[in-house]
>>> print(open('query30.cif').read())   # mmCIF, C-alpha atoms and all ligand atoms
data_upload
#
loop_
_atom_site.group_PDB
_atom_site.id
_atom_site.type_symbol
_atom_site.label_atom_id
_atom_site.label_comp_id
_atom_site.auth_asym_id
_atom_site.auth_seq_id
_atom_site.Cartn_x
_atom_site.Cartn_y
_atom_site.Cartn_z
ATOM 1 C CA MET A 11 -18.666 22.716 -6.790
ATOM 2 C CA SER A 12 -16.064 24.274 -4.518
ATOM 3 C CA THR A 13 -12.336 24.282 -5.207
ATOM 4 C CA ARG A 14 -11.969 21.761 -2.421
ATOM 5 C CA ASP A 15 -14.444 19.395 -4.145
ATOM 6 C CA THR A 16 -12.605 19.750 -7.446
ATOM 7 C CA GLU A 17 -9.299 19.021 -5.760
ATOM 8 C CA LEU A 18 -10.704 15.998 -3.974
ATOM 9 C CA LYS A 19 -12.136 14.682 -7.237
ATOM 10 C CA GLU A 20 -8.704 14.882 -8.827
ATOM 11 C CA ILE A 21 -7.094 13.103 -5.900
ATOM 12 C CA GLU A 22 -9.835 10.481 -6.012
ATOM 13 C CA GLN A 23 -8.982 9.850 -9.667
ATOM 14 C CA GLN A 24 -5.296 9.497 -8.736
ATOM 15 C CA LEU A 25 -6.262 6.944 -6.123
ATOM 16 C CA ARG A 26 -8.293 4.928 -8.626
ATOM 17 C CA ASP A 27 -5.356 4.916 -11.056
ATOM 18 C CA ALA A 28 -2.971 3.977 -8.248
ATOM 19 C CA LEU A 29 -5.254 1.107 -7.249
ATOM 20 C CA VAL A 30 -5.248 -0.351 -10.783
ATOM 21 C CA GLU A 31 -1.472 0.004 -10.841
ATOM 22 C CA ALA A 32 -1.006 -1.653 -7.447
ATOM 23 C CA GLU A 33 -3.300 -4.545 -8.429
ATOM 24 C CA GLN A 34 -1.283 -5.115 -11.597
ATOM 25 C CA GLU A 35 2.012 -5.015 -9.731
ATOM 26 C CA LEU A 36 0.694 -7.480 -7.169
ATOM 27 C CA GLU A 37 -0.407 -9.818 -9.939
ATOM 28 C CA GLN A 38 3.022 -9.689 -11.558
ATOM 29 C CA LEU A 39 4.693 -10.281 -8.239
ATOM 30 C CA ASP A 40 2.448 -13.242 -7.469
ATOM 31 C CA GLU A 41 3.425 -14.637 -10.832
ATOM 32 C CA GLN A 42 7.113 -14.207 -9.959
ATOM 33 C CA VAL A 43 6.664 -15.830 -6.558
ATOM 34 C CA ARG A 44 4.821 -18.742 -8.168
ATOM 35 C CA GLU A 45 7.444 -19.231 -10.868
ATOM 36 C CA PHE A 46 10.112 -19.010 -8.257
ATOM 37 C CA GLY A 47 8.395 -21.683 -6.175
ATOM 38 C CA GLU A 48 8.301 -23.966 -9.207
ATOM 39 C CA THR A 49 11.996 -23.395 -9.798
ATOM 40 C CA LEU A 50 12.624 -24.334 -6.183
ATOM 41 C CA GLU A 51 10.589 -27.517 -6.525
ATOM 42 C CA SER A 52 12.240 -28.629 -9.741
ATOM 43 C CA ALA A 53 15.631 -27.971 -8.170
ATOM 44 C CA GLU A 54 14.790 -30.234 -5.250
ATOM 45 C CA GLY A 55 16.178 -33.716 -5.603
ATOM 46 C CA ALA A 56 18.631 -32.533 -8.185
ATOM 47 C CA ASP A 57 22.284 -32.595 -7.312
ATOM 48 C CA ASN A 58 22.632 -28.967 -6.359
ATOM 49 C CA HIS A 59 25.208 -27.260 -4.258
ATOM 50 C CA PRO A 60 24.166 -26.754 -0.625
ATOM 51 C CA GLY A 61 25.095 -23.067 -0.769
ATOM 52 C CA ASP A 62 22.519 -22.310 -3.461
ATOM 53 C CA ASP A 63 19.524 -23.075 -1.263
ATOM 54 C CA SER A 64 19.970 -20.130 1.074
ATOM 55 C CA ASP A 65 20.342 -17.768 -1.906
ATOM 56 C CA ARG A 66 17.079 -18.960 -3.316
ATOM 57 C CA VAL A 67 15.308 -18.754 0.006
ATOM 58 C CA SER A 68 16.450 -15.176 0.578
ATOM 59 C CA GLU A 69 15.351 -14.265 -2.948
ATOM 60 C CA GLN A 70 11.928 -15.673 -2.177
ATOM 61 C CA GLU A 71 11.858 -13.774 1.099
ATOM 62 C CA ARG A 72 12.760 -10.612 -0.763
ATOM 63 C CA LEU A 73 9.859 -11.119 -3.170
ATOM 64 C CA LEU A 74 7.481 -11.768 -0.299
ATOM 65 C CA THR A 75 8.676 -8.633 1.511
ATOM 66 C CA ILE A 76 8.012 -6.497 -1.571
ATOM 67 C CA ARG A 77 4.658 -8.209 -1.907
ATOM 68 C CA GLY A 78 3.811 -7.331 1.692
ATOM 69 C CA GLN A 79 4.671 -3.666 1.152
ATOM 70 C CA LEU A 80 2.671 -3.504 -2.073
ATOM 71 C CA SER A 81 -0.246 -5.211 -0.453
ATOM 72 C CA ALA A 82 -0.166 -2.712 2.434
ATOM 73 C CA ARG A 83 -0.176 0.166 -0.074
ATOM 74 C CA ARG A 84 -3.097 -1.400 -1.921
ATOM 75 C CA ASP A 85 -4.990 -1.676 1.377
ATOM 76 C CA ASP A 86 -4.277 2.018 2.102
ATOM 77 C CA ILE A 87 -5.680 2.977 -1.292
ATOM 78 C CA VAL A 88 -8.737 0.754 -0.832
ATOM 79 C CA HIS A 89 -9.260 2.336 2.584
ATOM 80 C CA ALA A 90 -9.054 5.848 1.109
ATOM 81 C CA LEU A 91 -11.518 4.959 -1.665
ATOM 82 C CA GLN A 92 -13.856 3.550 0.963
ATOM 83 C CA LYS A 93 -13.788 6.972 2.627
ATOM 84 C CA VAL A 94 -14.692 8.493 -0.753
ATOM 85 C CA ASP A 95 -17.714 6.174 -0.919
ATOM 86 C CA ASP A 96 -18.669 7.047 2.651
ATOM 87 C CA GLY A 97 -18.396 10.752 1.864
ATOM 88 C CA VAL A 98 -15.716 11.369 4.488
ATOM 89 C CA PHE A 99 -12.677 11.502 2.216
ATOM 90 C CA GLY A 100 -10.307 14.300 3.188
ATOM 91 C CA ALA A 101 -11.337 14.248 6.839
ATOM 92 C CA CYS A 102 -8.786 13.359 9.503
ATOM 93 C CA GLU A 103 -9.702 10.047 11.140
ATOM 94 C CA ARG A 104 -8.564 11.221 14.517
ATOM 95 C CA CYS A 105 -9.820 14.773 14.977
ATOM 96 C CA GLY A 106 -12.297 14.975 12.091
ATOM 97 C CA ASN A 107 -10.798 18.183 10.687
ATOM 98 C CA GLN A 108 -10.252 18.586 6.960
ATOM 99 C CA ILE A 109 -6.844 17.413 5.797
ATOM 100 C CA PRO A 110 -5.330 20.232 3.675
ATOM 101 C CA SER A 111 -5.463 19.542 -0.071
ATOM 102 C CA GLY A 112 -1.690 20.013 -0.360
ATOM 103 C CA ARG A 113 -1.129 17.136 2.031
ATOM 104 C CA LEU A 114 -3.606 14.936 0.175
ATOM 105 C CA GLU A 115 -1.970 15.713 -3.130
ATOM 106 C CA ALA A 116 1.384 14.589 -1.743
ATOM 107 C CA LEU A 117 -0.106 11.648 0.145
ATOM 108 C CA PRO A 118 -3.530 10.769 -1.310
ATOM 109 C CA PHE A 119 -4.232 8.036 1.222
ATOM 110 C CA ALA A 120 -3.254 10.093 4.280
ATOM 111 C CA ARG A 121 -5.580 9.170 7.138
ATOM 112 C CA TYR A 122 -4.714 12.015 9.463
ATOM 113 C CA CYS A 123 -3.980 15.711 9.406
ATOM 114 C CA VAL A 124 -0.353 16.682 10.036
ATOM 115 C CA ASP A 125 -0.884 17.295 13.775
ATOM 116 C CA CYS A 126 -2.616 13.966 14.347
ATOM 117 C CA GLN A 127 -0.106 12.118 12.201
ATOM 118 C CA GLU A 128 2.633 13.297 14.546
ATOM 119 C CA ILE A 129 0.687 12.077 17.558
ATOM 120 C CA VAL A 130 -0.134 8.755 15.915
ATOM 121 C CA ASP A 131 3.479 8.248 14.844
ATOM 122 C CA ARG A 132 4.623 8.952 18.379
ATOM 123 C CA ASP A 133 1.937 7.249 20.467
ATOM 124 C CA GLY A 134 0.442 4.741 18.051
ATOM 125 C CA ALA A 135 -3.018 4.835 16.486
ATOM 126 C CA ALA A 136 -4.738 3.174 19.440
ATOM 127 C CA ALA A 137 -3.685 5.739 22.025
ATOM 128 C CA THR A 138 -5.956 8.759 21.811
HETATM 129 ZN ZN ZN B 201 -6.396 15.410 12.895
#
>>> encode(input="query30.cif", output="structure tokens", more="lines below")
Ligand SMILES: [Zn+2]
Amino acid sequence: MSTRDTELKEIEQQLRDALVEAEQELEQLDEQVREFGETLESAEGADNHPGDDSDRVSEQERLLTIRGQLSARRDDIVHALQKVDDGVFGACERCGNQIPSGRLEALPFARYCVDCQEIVDRDGAAAT
């Protein structure tokens, strides 16, 4: 096993841990959103102050925004683990070169090497 393989194995393990963590956080957040929805429903019909509604709605929006971000991170991790399964983990999805281990350690679900990331950030992933 090369150093590169050992490093990738470690990063793969980090990804698996991160996936478990993200799934748990999503579950907790779903629970919060659900409880919050129930609070909203039970408050309906009650004599509440008109001003309270917008507060509650923005709180729900806030929860849903966090949920969206978490869900996107989970998808990134799932995508990276899929690359592990396909045997292409660590390869840039744009140019096919190896992404340096240092970059993967900092950003385990990086899809591109630094050069391609800059291009993708500037031009968008579709424009090649
Ligand atoms: Zn690249």
>>> closest_atom_pairs(input="query30.cif", of="chain A", to="ligand ZN 201 (chain B)", cutoff="7 Å", atoms="only C-alpha atoms and all ligand atoms", output="tab-separated table")
residue	atom	partner	partner_atom	distance
A:Cys102	CA	B:ZN201	ZN	4.6
A:Glu103	CA	B:ZN201	ZN	6.5
A:Arg104	CA	B:ZN201	ZN	5.0
A:Cys105	CA	B:ZN201	ZN	4.1
A:Gly106	CA	B:ZN201	ZN	6.0
A:Asn107	CA	B:ZN201	ZN	5.7
A:Tyr122	CA	B:ZN201	ZN	5.1
A:Cys123	CA	B:ZN201	ZN	4.3
A:Val124	CA	B:ZN201	ZN	6.8
A:Asp125	CA	B:ZN201	ZN	5.9
A:Cys126	CA	B:ZN201	ZN	4.3
>>> closest_residue(input="query30.cif", among="A:Val88, A:Ala101, A:Leu50, A:Ala120", to="Asp65 (chain A)", atoms="all atoms listed in the file")
A:Leu50
>>> atom_distance(input="query30.cif", atom1="CA of Glu22 (chain A)", atom2="CA of Ala116 (chain A)")
12.7 Å
>>> resolve_selection(input="query30.cif", expression="the PyMOL selection byres (((chain A and resi 77) around 12) and not hetatm)", output="MDAnalysis selection string")
chainID A and resid 32:43 70:76 78:84
>>> atom_distance(input="query30.cif", atom1="CA of Val98 (chain A)", atom2="CA of Ser111 (chain A)")
13.9 Å
>>> build_atoms(input="query30.cif", residues="region 100-134 of chain A", atoms="N, CA and C atoms", output="compact mmCIF listing (two decimals), in the coordinates of the input")
# COMPACT_ATOMS: atom_id res chain seq x y z
N GLY A 100 -10.89 12.99 2.92
CA GLY A 100 -10.31 14.30 3.19
C GLY A 100 -10.44 14.71 4.64
N ALA A 101 -11.20 13.93 5.42
CA ALA A 101 -11.34 14.25 6.84
C ALA A 101 -10.34 13.43 7.64
N CYS A 102 -9.73 14.06 8.62
CA CYS A 102 -8.79 13.36 9.50
C CYS A 102 -9.55 12.33 10.33
N GLU A 103 -9.00 11.12 10.44
CA GLU A 103 -9.70 10.05 11.14
C GLU A 103 -9.57 10.16 12.64
N ARG A 104 -8.74 11.09 13.08
CA ARG A 104 -8.56 11.22 14.52
C ARG A 104 -9.35 12.41 15.06
N CYS A 105 -9.18 13.58 14.44
CA CYS A 105 -9.82 14.77 14.98
C CYS A 105 -11.02 15.21 14.12
N GLY A 106 -11.15 14.65 12.93
CA GLY A 106 -12.30 14.98 12.09
C GLY A 106 -12.14 16.24 11.27
N ASN A 107 -11.03 16.97 11.48
CA ASN A 107 -10.80 18.18 10.69
C ASN A 107 -10.45 17.82 9.24
N GLN A 108 -10.60 18.80 8.36
CA GLN A 108 -10.25 18.59 6.96
C GLN A 108 -8.74 18.51 6.80
N ILE A 109 -8.27 17.50 6.11
CA ILE A 109 -6.84 17.41 5.80
C ILE A 109 -6.59 18.37 4.63
N PRO A 110 -5.58 19.26 4.75
CA PRO A 110 -5.33 20.23 3.68
C PRO A 110 -5.09 19.53 2.34
N SER A 111 -5.58 20.14 1.25
CA SER A 111 -5.46 19.54 -0.07
C SER A 111 -4.02 19.27 -0.45
N GLY A 112 -3.10 20.18 -0.03
CA GLY A 112 -1.69 20.01 -0.36
C GLY A 112 -1.15 18.71 0.19
N ARG A 113 -1.58 18.38 1.40
CA ARG A 113 -1.13 17.14 2.03
C ARG A 113 -1.71 15.93 1.29
N LEU A 114 -2.97 16.04 0.89
CA LEU A 114 -3.61 14.94 0.18
C LEU A 114 -3.00 14.73 -1.22
N GLU A 115 -2.59 15.84 -1.82
CA GLU A 115 -1.97 15.71 -3.13
C GLU A 115 -0.64 14.97 -3.02
N ALA A 116 0.10 15.25 -1.94
CA ALA A 116 1.38 14.59 -1.74
C ALA A 116 1.19 13.16 -1.27
N LEU A 117 0.12 12.95 -0.50
CA LEU A 117 -0.11 11.65 0.14
C LEU A 117 -1.62 11.35 0.08
N PRO A 118 -2.08 10.88 -1.08
CA PRO A 118 -3.53 10.77 -1.31
C PRO A 118 -4.26 9.88 -0.30
N PHE A 119 -3.54 8.91 0.28
CA PHE A 119 -4.23 8.04 1.22
C PHE A 119 -3.90 8.38 2.67
N ALA A 120 -3.50 9.66 2.91
CA ALA A 120 -3.25 10.09 4.28
C ALA A 120 -4.53 9.93 5.10
N ARG A 121 -4.40 9.37 6.29
CA ARG A 121 -5.58 9.17 7.14
C ARG A 121 -5.78 10.30 8.13
N TYR A 122 -4.67 11.01 8.42
CA TYR A 122 -4.71 12.02 9.46
C TYR A 122 -4.19 13.36 8.97
N CYS A 123 -4.59 14.41 9.66
CA CYS A 123 -3.98 15.71 9.41
C CYS A 123 -2.55 15.68 9.96
N VAL A 124 -1.77 16.70 9.65
CA VAL A 124 -0.35 16.68 10.04
C VAL A 124 -0.19 16.56 11.56
N ASP A 125 -0.99 17.32 12.31
CA ASP A 125 -0.88 17.30 13.78
C ASP A 125 -1.15 15.91 14.32
N CYS A 126 -2.24 15.29 13.83
CA CYS A 126 -2.62 13.97 14.35
C CYS A 126 -1.62 12.91 13.89
N GLN A 127 -1.10 13.07 12.69
CA GLN A 127 -0.11 12.12 12.20
C GLN A 127 1.09 12.06 13.15
N GLU A 128 1.50 13.24 13.62
CA GLU A 128 2.63 13.30 14.55
C GLU A 128 2.32 12.54 15.83
N ILE A 129 1.10 12.75 16.32
CA ILE A 129 0.69 12.08 17.56
C ILE A 129 0.61 10.57 17.35
N VAL A 130 0.02 10.17 16.21
CA VAL A 130 -0.13 8.76 15.92
C VAL A 130 1.23 8.10 15.74
N ASP A 131 2.14 8.79 15.05
CA ASP A 131 3.48 8.25 14.84
C ASP A 131 4.19 8.07 16.18
N ARG A 132 3.93 9.00 17.09
CA ARG A 132 4.62 8.95 18.38
C ARG A 132 3.97 7.97 19.34
N ASP A 133 2.64 8.03 19.43
CA ASP A 133 1.94 7.25 20.47
C ASP A 133 1.27 5.99 19.93
N GLY A 134 1.17 5.86 18.60
CA GLY A 134 0.44 4.74 18.05
C GLY A 134 -1.01 5.11 17.85
